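Have a look at the structure below, then the notes.
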Amino acid sequence: MNFCIHRGTHEIGGSCVEIWTDTTRIVVDIGMPLVGKDGKDFNFKKYETFSSSELVKKGVLPDISCFYENSKVLIDGVLISHAHQDHYGFSRYLDKNIHYYLGEATLKIIELSCDFTPQITYIKRFTHFEHDVPFSIGDIRITPFLTDHSAFDAYSFLIESGGKSLFYSGDFRGHGRKAKMFEWFLDHAPQNVDYLLLEGTQISRGVNVSKTEPEIEDELREIFSEPGKINLVYTSGQNIDRLVSLYKACGKSKIFVVDVYVATVLKSLSKFAAIPYPSKRWQNVKVLHSYSKNTKLEKEGKSKTFRQFGRTLKITSQEINENPGKIVMIVRYSMRKDLEKIDGIKNGNLIYSLWEGYLKKPDTKRFVDWLKSRGFKYRYIHTSGHADLNTLKQLVNAINPKNIIPIHTDAPEQYKNHFCYPVREIDDGEVISL
Ligand SMILES: [Zn+2]
Ligand SMILES: [Zn+2]
């Protein structure tokens, strides 16, 4: 068995690993970079008009044969670890006949993103895998392990062939709402793994112990207890752990308000886990509709998407104005025009619940500044979607690998300071034969 990390040995994002034997070739993740070669945020718009072969020449897409559109022979499969753009974002360039292997909820999340944004998914041929159920592609055997991460339905992979093995950690943590999955893994970790490809997003940040999601929930509850203040929360509509923390912190006295997009995500994923969504069962979850966004959905023939949250499930601007102190609402910059029309949106708490680095993005900054100008108090309440150092060490000790290879990190050189196992720092494009 051989492998090559096409991108990710010295950066966070754009993950892509190719693995092959004499007869089988697979790729794990085909992510979009978060940062461009100039060190600035990766701007996909700059590349939209280029073909896949041009993008390979420019070094934007990984140079993998039998992979992109109009290939005569195809690679045998693509595994997607989870529904974050930096793990699946370039799948749009792949040949449409390529077969994907991914979690059922992961595909659902990718499809939903495409319903609400100009993205298109070409994931048409697929097999859903399940936690701890091995499957084979040619002579490569794969065992997915459901893991704790800020993306719902995220997996690590054990990949074996010809008596050799590698373990791809994917993005993971041990302090989220699926901490039990991580604990389960520590007791069931594969042994004698030749190479552990270990994510290290937090290594350069030097975080030994991260706050847990239940701790975040307590901090939120404390803020929400301030009487009479409206609470707006800037967070990801796909971070289900965080949305659950917010819902729980609302208790019985608050109304949890989401827009049609977040409502759709919650409802779609409620099939996979007991999560709150606007419905008779979860009476204090309500939907704020946007006239312009509903009109857009209607034009695209998707009026069902917002109509399912009508009548008793919606909340109006007037209802928010009548009692702003009861409201906890998820917001993002694209909602500004709708929020401007609501008088009650003032003098409240703005809870920023994402990585603070994203605050530099101009759209986000403008939105946050606008809310500050309306008398909002900025509060930062967040915990990372990635493992802290203690959790990384626990995983490494449980697997007891022969070698560690840094991936999904901006500090591969620091691994050797933290782990008592051989660390092999490799470069993008380097081939390792087992
Ligand atoms: Zn990632
Ligand atoms: Zn991720």
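Labels used: A, B, ... for chains in the order of the structure tokens, numbers from 1 for residues in each chain, and numbers from 1 for ligands as shown.
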Need the shell around Val233 in chain A: protein/DNA/RNA residues with any atom at most 12 Å away, counting only C-alpha atoms. Skip same-chain ones fewer than 3 positions apart. Format as a ChimeraX atom specification? /A:220,223-224,230,236-237,242-243,245-247,256-258,327-333,348-354,368,371,376-382
Go through the chains and note each residue within 12 Å of ligand 1, using only C-alpha atoms and all ligand atoms, then give the set as a PyMOL selection string. chain A and resi 7-8+11-16+29-34+80-89+149-151+154-155+169-173+198-202+384-387+407-409
8 Å contact set for Phe306 in chain A, only C-alpha atoms, chain neighbours under 5 positions out, as a PDB file with C-alpha atoms, in the first residue's frame:
ATOM      1  CA  VAL A 260     -35.496  28.940   7.197  1.00  0.00           C
ATOM      2  CA  HIS A 289     -39.023  34.204   7.546  1.00  0.00           C
ATOM      3  CA  ASN A 294     -38.534  33.078   0.351  1.00  0.00           C
ATOM      4  CA  LEU A 297     -36.662  29.935  -3.101  1.00  0.00           C
TER       5      LEU A 297
END
Go ahead and compute the interatomic distance for CA of Ile142 in chain A and CA of Leu94 in chain A, in Å to one decimal. 21.4 Å
Selection: 8 Å around Thr9 in chain A, only C-alpha atoms, excl. self and same-chain fewer than 3 positions, as an NGL selection string: :A and (5 or 406-409 or 412 or 425-428)
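Distances here use only C-alpha atoms and all ligand atoms; by that measure, the residue among A:Glu215, A:Glu298, A:Asp38, A:Asp148 closest to ligand 2 is A:Asp148.
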Select from range 95-216 of chain A everything DSSP, run on the backbone, classes as alpha helix (DSSP H), then give the selection as a ChimeraX atom specification. /A:104-116,179-188,213-216
Write to file, as a compact mmCIF listing (two decimals), in the first residue's frame, the residues of the selection just made, with C-alpha atoms.
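In the end it all went to result.txt:
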# COMPACT_ATOMS: atom_id res chain seq x y z
CA GLU A 104 -25.89 9.42 5.04
CA ALA A 105 -26.22 12.61 7.12
CA THR A 106 -23.03 13.99 5.54
CA LEU A 107 -24.58 13.76 2.08
CA LYS A 108 -27.78 15.36 3.41
CA ILE A 109 -25.81 18.34 4.77
CA ILE A 110 -23.91 18.77 1.47
CA GLU A 111 -27.18 18.69 -0.49
CA LEU A 112 -28.78 21.25 1.85
CA SER A 113 -25.83 23.62 1.40
CA CYS A 114 -26.41 23.38 -2.34
CA ASP A 115 -30.13 24.18 -1.92
CA PHE A 116 -29.38 27.47 -0.21
CA ALA A 179 -17.51 13.00 23.74
CA LYS A 180 -18.80 9.48 24.45
CA MET A 181 -17.90 8.43 20.91
CA PHE A 182 -14.34 9.53 21.55
CA GLU A 183 -14.27 7.62 24.86
CA TRP A 184 -15.67 4.55 23.10
CA PHE A 185 -12.93 4.85 20.51
CA LEU A 186 -10.19 4.93 23.16
CA ASP A 187 -11.39 1.47 24.28
CA HIS A 188 -11.74 0.11 20.73
CA GLU A 213 -19.92 22.07 24.99
CA PRO A 214 -21.80 21.66 28.32
CA GLU A 215 -19.55 24.43 29.73
CA ILE A 216 -20.45 26.59 26.74
Could you pull the residues within 10 Å of Gly163 in chain A, counting only C-alpha atoms, minus those fewer than 5 positions along the same chain, as a ChimeraX atom specification? /A:1,194,434
Can you work out the spacing between CA of Ala263 in chain A and CA of Val287 in chain A in Å, to one decimal? 6.8 Å
Please identify all polymer residues within 7 Å of Asp388 in chain A, counting only C-alpha atoms, omitting same-chain residues fewer than 6 positions from it, and present them as number ranges by chain. A: 202, 207-210
Hey, can you spit out that residue selection with N, CA and C atoms as a CSV table (one decimal), in the first residue's frame?
chain,number,residue,atom,x,y,z
A,202,GLN,N,-5.1,22.5,16.5
A,202,GLN,CA,-4.9,23.3,17.7
A,202,GLN,C,-3.5,23.3,18.2
A,207,VAL,N,-3.2,24.8,22.9
A,207,VAL,CA,-4.4,24.6,23.8
A,207,VAL,C,-4.3,23.2,24.5
A,208,ASN,N,-4.1,23.1,25.8
A,208,ASN,CA,-4.0,21.8,26.5
A,208,ASN,C,-5.4,21.2,26.7
A,209,VAL,N,-6.3,22.1,27.2
A,209,VAL,CA,-7.7,21.6,27.5
A,209,VAL,C,-8.7,22.6,27.0
A,210,SER,N,-9.6,22.2,26.2
A,210,SER,CA,-10.6,23.1,25.6
A,210,SER,C,-11.9,23.0,26.5
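Shortest atom-to-atom contact with Gly344 in chain A among A:Val60, A:Ile320, A:Val133, A:Ala249: A:Ile320, counting only C-alpha atoms.
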All residues 10 Å or closer to Lys164 in chain A, only C-alpha atoms, same chain fewer than 4 positions away omitted, as JSON, numbers by chain: {"A": [1, 2, 159, 160, 192, 193, 194, 195, 433, 434]}
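CA of Leu389 in chain A is positioned 6.7 Å from CA of Ile203 in chain A.
Minimum distance to ligand 2 across A:Pro362, A:Gln238, A:Glu69, A:Tyr415 (counting only C-alpha atoms and all ligand atoms) occurs at A:Gln238.
Closest approach to Tyr168 in chain A among A:Phe3, A:Ser270, A:Asn390, A:Glu413 is made by A:Phe3 (distances from only C-alpha atoms).
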